[in-house]
file protein01.cif (mmCIF, C-alpha atoms)
data_work
#
loop_
_atom_site.group_PDB
_atom_site.id
_atom_site.type_symbol
_atom_site.label_atom_id
_atom_site.label_comp_id
_atom_site.auth_asym_id
_atom_site.auth_seq_id
_atom_site.Cartn_x
_atom_site.Cartn_y
_atom_site.Cartn_z
ATOM 1 C CA MET A 23 28.897 -17.543 36.109
ATOM 2 C CA SER A 24 26.779 -20.559 35.185
ATOM 3 C CA GLY A 25 27.844 -20.697 31.542
ATOM 4 C CA GLU A 26 24.232 -20.785 30.405
ATOM 5 C CA LYS A 27 23.519 -18.724 27.296
ATOM 6 C CA THR A 28 21.397 -15.644 27.912
ATOM 7 C CA THR A 29 20.781 -14.827 24.248
ATOM 8 C CA ARG A 30 20.382 -16.813 21.079
ATOM 9 C CA THR A 31 19.846 -16.125 17.423
ATOM 10 C CA VAL A 32 17.641 -18.393 15.327
ATOM 11 C CA VAL A 33 17.832 -18.370 11.534
ATOM 12 C CA ARG A 34 14.335 -18.972 10.220
ATOM 13 C CA MET A 35 12.609 -18.094 6.961
ATOM 14 C CA LEU A 36 9.216 -16.439 7.051
ATOM 15 C CA TRP A 37 6.853 -17.763 4.412
ATOM 16 C CA ALA A 38 3.922 -15.435 3.768
ATOM 17 C CA TRP A 39 1.374 -18.255 3.846
ATOM 18 C CA ASN A 40 2.656 -19.419 7.271
ATOM 19 C CA ASP A 41 2.295 -16.173 9.201
ATOM 20 C CA VAL A 42 -0.125 -17.737 11.705
ATOM 21 C CA LYS A 43 2.209 -20.691 12.342
ATOM 22 C CA GLU A 44 5.126 -18.289 12.745
ATOM 23 C CA GLY A 45 3.202 -16.385 15.425
ATOM 24 C CA LEU A 46 2.433 -19.659 17.229
ATOM 25 C CA TRP A 47 6.108 -20.664 17.065
ATOM 26 C CA LEU A 48 7.158 -17.303 18.543
ATOM 27 C CA ALA A 49 4.607 -17.729 21.363
ATOM 28 C CA GLU A 50 6.065 -21.185 22.073
ATOM 29 C CA GLN A 51 9.540 -19.632 22.363
ATOM 30 C CA GLU A 52 8.125 -17.196 24.920
ATOM 31 C CA ARG A 53 6.531 -20.042 26.901
ATOM 32 C CA SER A 54 9.935 -21.786 26.839
ATOM 33 C CA GLY A 55 11.606 -18.762 28.400
ATOM 34 C CA TRP A 56 12.994 -17.087 25.291
ATOM 35 C CA HIS A 57 11.767 -13.499 24.900
ATOM 36 C CA LEU A 58 11.914 -12.072 21.363
ATOM 37 C CA THR A 59 14.203 -9.020 21.377
ATOM 38 C CA ALA A 60 14.850 -8.439 17.657
ATOM 39 C CA VAL A 61 13.428 -9.427 14.311
ATOM 40 C CA ARG A 62 16.189 -9.939 11.760
ATOM 41 C CA CYS A 63 16.231 -10.289 7.987
ATOM 42 C CA PHE A 64 16.610 -14.071 8.234
ATOM 43 C CA GLY A 65 15.614 -14.843 11.786
ATOM 44 C CA TYR A 66 15.245 -13.691 15.348
ATOM 45 C CA THR A 67 17.217 -12.814 18.469
ATOM 46 C CA PHE A 68 15.901 -14.015 21.829
ATOM 47 C CA ALA A 69 16.927 -13.290 25.421
ATOM 48 C CA LYS A 70 16.518 -15.743 28.276
ATOM 49 C CA ALA A 71 13.569 -14.643 30.405
ATOM 50 C CA THR A 72 10.858 -15.904 32.685
ATOM 51 C CA PRO A 73 8.440 -18.043 30.655
ATOM 52 C CA ALA A 74 5.324 -16.064 29.774
ATOM 53 C CA GLU A 75 2.091 -16.438 27.885
ATOM 54 C CA VAL A 76 2.260 -13.967 24.996
ATOM 55 C CA THR A 77 0.438 -13.884 21.675
ATOM 56 C CA TYR A 78 2.375 -12.944 18.559
ATOM 57 C CA ARG A 79 0.696 -11.765 15.386
ATOM 58 C CA LEU A 80 2.136 -10.719 12.046
ATOM 59 C CA ASP A 81 0.685 -8.216 9.618
ATOM 60 C CA PHE A 82 1.700 -7.317 6.085
ATOM 61 C CA GLY A 83 1.535 -3.569 6.125
ATOM 62 C CA PRO A 84 0.883 -0.794 6.343
ATOM 63 C CA PRO A 85 -0.720 -0.701 2.913
ATOM 64 C CA ASN A 86 0.549 2.849 2.223
ATOM 65 C CA ARG A 87 3.726 4.480 3.496
ATOM 66 C CA GLY A 88 1.817 7.646 4.383
ATOM 67 C CA ASP A 89 -0.352 5.663 6.792
ATOM 68 C CA ARG A 90 2.559 4.368 8.932
ATOM 69 C CA GLN A 91 2.017 6.599 11.971
ATOM 70 C CA GLU A 92 -1.728 5.992 12.042
ATOM 71 C CA TYR A 93 -1.153 2.256 11.475
ATOM 72 C CA PHE A 94 1.206 1.874 14.448
ATOM 73 C CA THR A 95 -0.930 4.128 16.654
ATOM 74 C CA LEU A 96 -3.974 1.956 15.936
ATOM 75 C CA PHE A 97 -2.112 -1.162 17.101
ATOM 76 C CA LYS A 98 -0.667 0.600 20.166
ATOM 77 C CA ASP A 99 -4.104 1.893 21.178
ATOM 78 C CA ALA A 100 -5.410 -1.687 20.953
ATOM 79 C CA GLY A 101 -2.680 -2.839 23.344
ATOM 80 C CA TRP A 102 -0.280 -4.378 20.827
ATOM 81 C CA GLU A 103 3.466 -3.908 21.175
ATOM 82 C CA HIS A 104 5.359 -3.549 17.900
ATOM 83 C CA VAL A 105 8.317 -5.943 18.141
ATOM 84 C CA GLY A 106 9.977 -5.507 14.772
ATOM 85 C CA THR A 107 9.837 -5.500 11.005
ATOM 86 C CA ARG A 108 10.984 -7.969 8.371
ATOM 87 C CA GLY A 109 10.472 -6.563 4.916
ATOM 88 C CA MET A 110 6.844 -5.466 4.864
ATOM 89 C CA TRP A 111 5.917 -7.862 7.705
ATOM 90 C CA GLN A 112 5.206 -6.213 11.047
ATOM 91 C CA TYR A 113 5.511 -8.235 14.258
ATOM 92 C CA PHE A 114 3.258 -7.487 17.219
ATOM 93 C CA ARG A 115 2.785 -9.091 20.629
ATOM 94 C CA LYS A 116 0.207 -8.855 23.369
ATOM 95 C CA ALA A 117 -0.670 -10.769 26.518
ATOM 96 C CA PRO A 118 -3.804 -12.905 26.185
ATOM 97 C CA ALA A 119 -6.965 -11.411 27.636
ATOM 98 C CA ASP A 120 -9.404 -13.615 29.565
ATOM 99 C CA GLY A 121 -7.340 -16.684 28.655
ATOM 100 C CA ARG A 122 -7.940 -16.142 24.938
ATOM 101 C CA ALA A 123 -5.259 -15.261 22.437
ATOM 102 C CA PRO A 124 -6.094 -11.890 20.894
ATOM 103 C CA ASP A 125 -6.146 -11.531 17.134
ATOM 104 C CA ILE A 126 -5.467 -8.646 14.814
ATOM 105 C CA TYR A 127 -8.157 -9.603 12.331
ATOM 106 C CA THR A 128 -11.730 -10.234 13.343
ATOM 107 C CA ASP A 129 -13.019 -11.216 9.911
ATOM 108 C CA PRO A 130 -11.761 -13.268 6.953
ATOM 109 C CA GLN A 131 -12.092 -10.301 4.562
ATOM 110 C CA SER A 132 -9.394 -8.344 6.417
ATOM 111 C CA ARG A 133 -6.995 -11.300 6.330
ATOM 112 C CA ILE A 134 -7.773 -11.783 2.628
ATOM 113 C CA ALA A 135 -6.913 -8.112 1.988
ATOM 114 C CA MET A 136 -3.590 -8.618 3.797
ATOM 115 C CA TYR A 137 -2.727 -11.687 1.713
ATOM 116 C CA ARG A 138 -3.711 -9.830 -1.469
ATOM 117 C CA ARG A 139 -1.184 -7.116 -0.585
ATOM 118 C CA ALA A 140 1.468 -9.819 -0.209
ATOM 119 C CA ILE A 141 0.455 -11.326 -3.561
ATOM 120 C CA ALA A 142 0.699 -7.914 -5.242
ATOM 121 C CA LEU A 143 4.292 -7.550 -4.059
ATOM 122 C CA ALA A 144 5.156 -11.118 -5.114
ATOM 123 C CA VAL A 145 3.658 -10.532 -8.586
ATOM 124 C CA MET A 146 5.657 -7.325 -8.926
ATOM 125 C CA MET A 147 8.903 -9.076 -7.913
ATOM 126 C CA LEU A 148 8.183 -12.019 -10.215
ATOM 127 C CA GLY A 149 7.499 -9.671 -13.127
ATOM 128 C CA MET A 150 10.745 -7.834 -12.501
ATOM 129 C CA LEU A 151 12.721 -11.090 -12.425
ATOM 130 C CA VAL A 152 11.051 -12.409 -15.581
ATOM 131 C CA THR A 153 11.827 -9.147 -17.376
ATOM 132 C CA MET A 154 15.466 -9.164 -16.282
ATOM 133 C CA THR A 155 15.914 -12.839 -17.178
ATOM 134 C CA SER A 156 14.227 -12.471 -20.561
ATOM 135 C CA ALA A 157 16.373 -9.471 -21.457
ATOM 136 C CA ASN A 158 19.527 -11.345 -20.520
ATOM 137 C CA LEU A 159 18.603 -14.510 -22.387
ATOM 138 C CA ALA A 160 17.595 -12.523 -25.477
ATOM 139 C CA SER A 161 21.004 -10.859 -25.701
ATOM 140 C CA LYS A 162 23.425 -11.864 -28.440
ATOM 141 C CA GLY A 163 25.829 -14.760 -28.035
ATOM 142 C CA SER A 164 25.541 -18.349 -26.907
ATOM 143 C CA ILE A 165 23.741 -19.255 -23.698
ATOM 144 C CA LEU A 166 27.091 -20.261 -22.175
ATOM 145 C CA SER A 167 28.499 -16.738 -22.645
ATOM 146 C CA ARG A 168 25.576 -15.080 -20.855
ATOM 147 C CA GLU A 169 25.509 -14.273 -17.166
ATOM 148 C CA PRO A 170 25.293 -17.631 -15.333
ATOM 149 C CA ALA A 171 23.866 -15.817 -12.291
ATOM 150 C CA VAL A 172 20.672 -15.324 -14.269
ATOM 151 C CA LEU A 173 20.018 -19.041 -14.383
ATOM 152 C CA VAL A 174 21.521 -19.877 -11.011
ATOM 153 C CA VAL A 175 19.838 -17.101 -8.998
ATOM 154 C CA TYR A 176 16.901 -15.646 -10.909
ATOM 155 C CA VAL A 177 15.211 -18.880 -11.950
ATOM 156 C CA PRO A 178 15.018 -20.284 -8.382
ATOM 157 C CA LEU A 179 13.809 -16.883 -7.152
ATOM 158 C CA MET A 180 11.108 -16.824 -9.824
ATOM 159 C CA THR A 181 10.066 -20.309 -8.710
ATOM 160 C CA VAL A 182 9.829 -19.191 -5.072
ATOM 161 C CA PHE A 183 7.711 -16.137 -5.947
ATOM 162 C CA ALA A 184 5.412 -18.196 -8.198
ATOM 163 C CA TYR A 185 5.040 -20.820 -5.459
ATOM 164 C CA ALA A 186 4.300 -18.109 -2.871
ATOM 165 C CA ILE A 187 1.563 -16.666 -5.083
ATOM 166 C CA VAL A 188 -0.070 -20.082 -5.446
ATOM 167 C CA ARG A 189 0.162 -20.802 -1.700
ATOM 168 C CA LEU A 190 -1.315 -17.400 -0.821
ATOM 169 C CA LEU A 191 -4.156 -17.932 -3.291
ATOM 170 C CA LEU A 192 -4.885 -21.259 -1.574
ATOM 171 C CA VAL A 193 -4.969 -19.534 1.830
ATOM 172 C CA ILE A 194 -7.372 -16.942 0.433
ATOM 173 C CA SER A 195 -9.557 -19.716 -0.994
ATOM 174 C CA ARG A 196 -9.718 -21.409 2.431
ATOM 175 C CA LEU A 197 -10.568 -18.109 4.127
ATOM 176 C CA LYS A 198 -13.390 -17.485 1.661
ATOM 177 C CA LYS A 199 -14.858 -20.895 2.547
ATOM 178 C CA ALA A 200 -14.380 -20.413 6.320
ATOM 179 C CA LYS A 201 -17.271 -19.892 8.625
ATOM 180 C CA PRO A 202 -17.722 -16.320 9.945
ATOM 181 C CA GLY A 203 -15.642 -15.693 13.073
ATOM 182 C CA SER A 204 -12.992 -18.296 12.203
ATOM 183 C CA ALA A 205 -10.411 -15.872 10.774
#

call {"tool": "encode", "arguments": {"input": "protein01.cif", "output": "structure tokens"}}
result
Amino acid sequence: MSGEKTTRTVVRMLWAWNDVKEGLWLAEQERSGWHLTAVRCFGYTFAKATPAEVTYRLDFGPPNRGDRQEYFTLFKDAGWEHVGTRGMWQYFRKAPADGRAPDIYTDPQSRIAMYRRAIALAVMMLGMLVTMTSANLASKGSILSREPAVLVVYVPLMTVFAYAIVRLLLVISRLKKAKPGSA
């Protein structure tokens, strides 16, 4: 046995506004001989393989739970392989056609709709955290007697969700200004 690792796990956060960069990073792993075998909550598992040219794309969906079967069938019929799921993010891969990396979205409006779905979830999560924090801080007693987890956990989470909303709005703004066909 050569002692060379045949699998590896990479811990990596997925930021909603970096979905395109994440797909490019996954494609680079494939070109380096690491084939994506599993999408995890906080990262990925890869298996050593022959380097290949593969395009990875991420989608935030499906928009409605009832549309799941139709959603995945649509991608399969278009030649995309579903690789895994992280939260609401779906990971797909496909070999490039005619030397060009395929894309899921052909127009900026579709990408904007995807990012708006991500914003809606972030706003909902932020609202829930604000409500929970406000209720805790409004309770009787001194601030020192209240749950310290509220300040230690909830406040940074609220900051992350607020930051994500701003970043996604900036991506949407850039897409609105983009020339047609540059999604």

call {"tool": "residues_around", "arguments": {"input": "protein01.cif", "residues": "Pro124 (chain A)", "least_positions_apart": "5", "cutoff": "9 Å", "atoms": "all atoms listed in the file", "output": "list of chain:residue names"}}
result
A:Thr77, A:Tyr78, A:Arg79, A:Lys116, A:Ala117, A:Pro118, A:Ala119

call {"tool": "resolve_selection", "arguments": {"input": "protein01.cif", "expression": "the PyMOL selection byres ((chain A and resi 51) around 12)", "output": "VMD selection string"}}
result
chain A and resid 30 to 32 44 to 50 52 to 59 66 to 78

call {"tool": "atom_distance", "arguments": {"input": "protein01.cif", "atom1": "CA of Phe94 (chain A)", "atom2": "CA of Phe64 (chain A)"}}
result
23.0 Å

call {"tool": "atom_distance", "arguments": {"input": "protein01.cif", "atom1": "CA of Ile126 (chain A)", "atom2": "CA of Arg138 (chain A)"}}
result
16.4 Å

call {"tool": "closest_residue", "arguments": {"input": "protein01.cif", "among": "A:Arg133, A:Asn158, A:Arg115, A:Arg87", "to": "Ala200 (chain A)", "atoms": "all atoms listed in the file"}}
result
A:Arg133

call {"tool": "atom_distance", "arguments": {"input": "protein01.cif", "atom1": "CA of Ala144 (chain A)", "atom2": "CA of Phe114 (chain A)"}}
result
22.7 Å

call {"tool": "closest_residue", "arguments": {"input": "protein01.cif", "among": "A:Tyr185, A:Pro178, A:Arg139, A:Leu159", "to": "Asn86 (chain A)", "atoms": "all atoms listed in the file"}}
result
A:Arg139

call {"tool": "closest_residue", "arguments": {"input": "protein01.cif", "among": "A:Thr181, A:Lys199, A:Arg189, A:Ser156", "to": "Ile141 (chain A)", "atoms": "only C-alpha atoms"}}
result
A:Arg189

call {"tool": "resolve_selection", "arguments": {"input": "protein01.cif", "expression": "the PyMOL selection byres ((chain A and resi 177) around 12)", "output": "list of chain:residue names"}}
result
A:Leu148, A:Met150, A:Leu151, A:Val152, A:Thr153, A:Met154, A:Thr155, A:Ser156, A:Leu159, A:Pro170, A:Ala171, A:Val172, A:Leu173, A:Val174, A:Val175, A:Tyr176, A:Pro178, A:Leu179, A:Met180, A:Thr181, A:Val182, A:Phe183, A:Ala184

call {"tool": "build_atoms", "arguments": {"input": "protein01.cif", "residues": "region 51-75 of chain A", "atoms": "N, CA and C atoms", "output": "PDB file, keeping the file's coordinate frame"}}
result
ATOM      1  N   GLN A  51       8.224 -20.048  21.879  1.00  0.00           N
ATOM      2  CA  GLN A  51       9.540 -19.632  22.363  1.00  0.00           C
ATOM      3  C   GLN A  51       9.384 -18.849  23.666  1.00  0.00           C
ATOM      4  N   GLU A  52       8.398 -18.002  23.725  1.00  0.00           N
ATOM      5  CA  GLU A  52       8.125 -17.196  24.920  1.00  0.00           C
ATOM      6  C   GLU A  52       7.758 -18.101  26.095  1.00  0.00           C
ATOM      7  N   ARG A  53       6.914 -19.093  25.844  1.00  0.00           N
ATOM      8  CA  ARG A  53       6.531 -20.042  26.901  1.00  0.00           C
ATOM      9  C   ARG A  53       7.730 -20.866  27.370  1.00  0.00           C
ATOM     10  N   SER A  54       8.721 -21.031  26.496  1.00  0.00           N
ATOM     11  CA  SER A  54       9.935 -21.786  26.839  1.00  0.00           C
ATOM     12  C   SER A  54      10.993 -20.916  27.503  1.00  0.00           C
ATOM     13  N   GLY A  55      10.678 -19.644  27.719  1.00  0.00           N
ATOM     14  CA  GLY A  55      11.606 -18.762  28.400  1.00  0.00           C
ATOM     15  C   GLY A  55      12.548 -17.998  27.491  1.00  0.00           C
ATOM     16  N   TRP A  56      12.177 -17.865  26.230  1.00  0.00           N
ATOM     17  CA  TRP A  56      12.994 -17.087  25.291  1.00  0.00           C
ATOM     18  C   TRP A  56      12.156 -15.930  24.778  1.00  0.00           C
ATOM     19  N   HIS A  57      12.498 -14.724  25.223  1.00  0.00           N
ATOM     20  CA  HIS A  57      11.767 -13.499  24.900  1.00  0.00           C
ATOM     21  C   HIS A  57      12.336 -12.890  23.618  1.00  0.00           C
ATOM     22  N   LEU A  58      11.488 -12.656  22.637  1.00  0.00           N
ATOM     23  CA  LEU A  58      11.914 -12.072  21.363  1.00  0.00           C
ATOM     24  C   LEU A  58      12.387 -10.636  21.590  1.00  0.00           C
ATOM     25  N   THR A  59      13.648 -10.364  21.208  1.00  0.00           N
ATOM     26  CA  THR A  59      14.203  -9.020  21.377  1.00  0.00           C
ATOM     27  C   THR A  59      14.443  -8.311  20.053  1.00  0.00           C
ATOM     28  N   ALA A  60      14.603  -9.074  18.959  1.00  0.00           N
ATOM     29  CA  ALA A  60      14.850  -8.439  17.657  1.00  0.00           C
ATOM     30  C   ALA A  60      14.399  -9.352  16.530  1.00  0.00           C
ATOM     31  N   VAL A  61      13.803  -8.737  15.536  1.00  0.00           N
ATOM     32  CA  VAL A  61      13.428  -9.427  14.311  1.00  0.00           C
ATOM     33  C   VAL A  61      14.504  -9.091  13.301  1.00  0.00           C
ATOM     34  N   ARG A  62      15.094 -10.108  12.715  1.00  0.00           N
ATOM     35  CA  ARG A  62      16.189  -9.939  11.760  1.00  0.00           C
ATOM     36  C   ARG A  62      15.714 -10.293  10.359  1.00  0.00           C
ATOM     37  N   CYS A  63      16.547  -9.992   9.385  1.00  0.00           N
ATOM     38  CA  CYS A  63      16.231 -10.289   7.987  1.00  0.00           C
ATOM     39  C   CYS A  63      15.960 -11.784   7.779  1.00  0.00           C
ATOM     40  N   PHE A  64      16.775 -12.624   8.400  1.00  0.00           N
ATOM     41  CA  PHE A  64      16.610 -14.071   8.234  1.00  0.00           C
ATOM     42  C   PHE A  64      16.436 -14.788   9.558  1.00  0.00           C
ATOM     43  N   GLY A  65      15.823 -14.154  10.531  1.00  0.00           N
ATOM     44  CA  GLY A  65      15.614 -14.843  11.786  1.00  0.00           C
ATOM     45  C   GLY A  65      15.298 -13.910  12.933  1.00  0.00           C
ATOM     46  N   TYR A  66      15.640 -14.383  14.131  1.00  0.00           N
ATOM     47  CA  TYR A  66      15.245 -13.691  15.348  1.00  0.00           C
ATOM     48  C   TYR A  66      16.361 -13.746  16.383  1.00  0.00           C
ATOM     49  N   THR A  67      16.348 -12.781  17.303  1.00  0.00           N
ATOM     50  CA  THR A  67      17.217 -12.814  18.469  1.00  0.00           C
ATOM     51  C   THR A  67      16.310 -12.892  19.690  1.00  0.00           C
ATOM     52  N   PHE A  68      16.667 -13.805  20.605  1.00  0.00           N
ATOM     53  CA  PHE A  68      15.901 -14.015  21.829  1.00  0.00           C
ATOM     54  C   PHE A  68      16.813 -13.810  23.028  1.00  0.00           C
ATOM     55  N   ALA A  69      16.215 -13.403  24.152  1.00  0.00           N
ATOM     56  CA  ALA A  69      16.927 -13.290  25.421  1.00  0.00           C
ATOM     57  C   ALA A  69      16.253 -14.223  26.418  1.00  0.00           C
ATOM     58  N   LYS A  70      17.055 -14.868  27.243  1.00  0.00           N
ATOM     59  CA  LYS A  70      16.518 -15.743  28.276  1.00  0.00           C
ATOM     60  C   LYS A  70      15.675 -14.911  29.229  1.00  0.00           C
ATOM     61  N   ALA A  71      14.494 -15.394  29.551  1.00  0.00           N
ATOM     62  CA  ALA A  71      13.569 -14.643  30.405  1.00  0.00           C
ATOM     63  C   ALA A  71      12.655 -15.619  31.133  1.00  0.00           C
ATOM     64  N   THR A  72      11.868 -15.094  32.004  1.00  0.00           N
ATOM     65  CA  THR A  72      10.858 -15.904  32.685  1.00  0.00           C
ATOM     66  C   THR A  72       9.816 -16.326  31.656  1.00  0.00           C
ATOM     67  N   PRO A  73       9.474 -17.614  31.611  1.00  0.00           N
ATOM     68  CA  PRO A  73       8.440 -18.043  30.655  1.00  0.00           C
ATOM     69  C   PRO A  73       7.157 -17.230  30.841  1.00  0.00           C
ATOM     70  N   ALA A  74       6.538 -16.882  29.725  1.00  0.00           N
ATOM     71  CA  ALA A  74       5.324 -16.064  29.774  1.00  0.00           C
ATOM     72  C   ALA A  74       4.365 -16.491  28.670  1.00  0.00           C
ATOM     73  N   GLU A  75       3.130 -16.176  28.883  1.00  0.00           N
ATOM     74  CA  GLU A  75       2.091 -16.438  27.885  1.00  0.00           C
ATOM     75  C   GLU A  75       1.892 -15.147  27.099  1.00  0.00           C
TER      76      GLU A  75
END
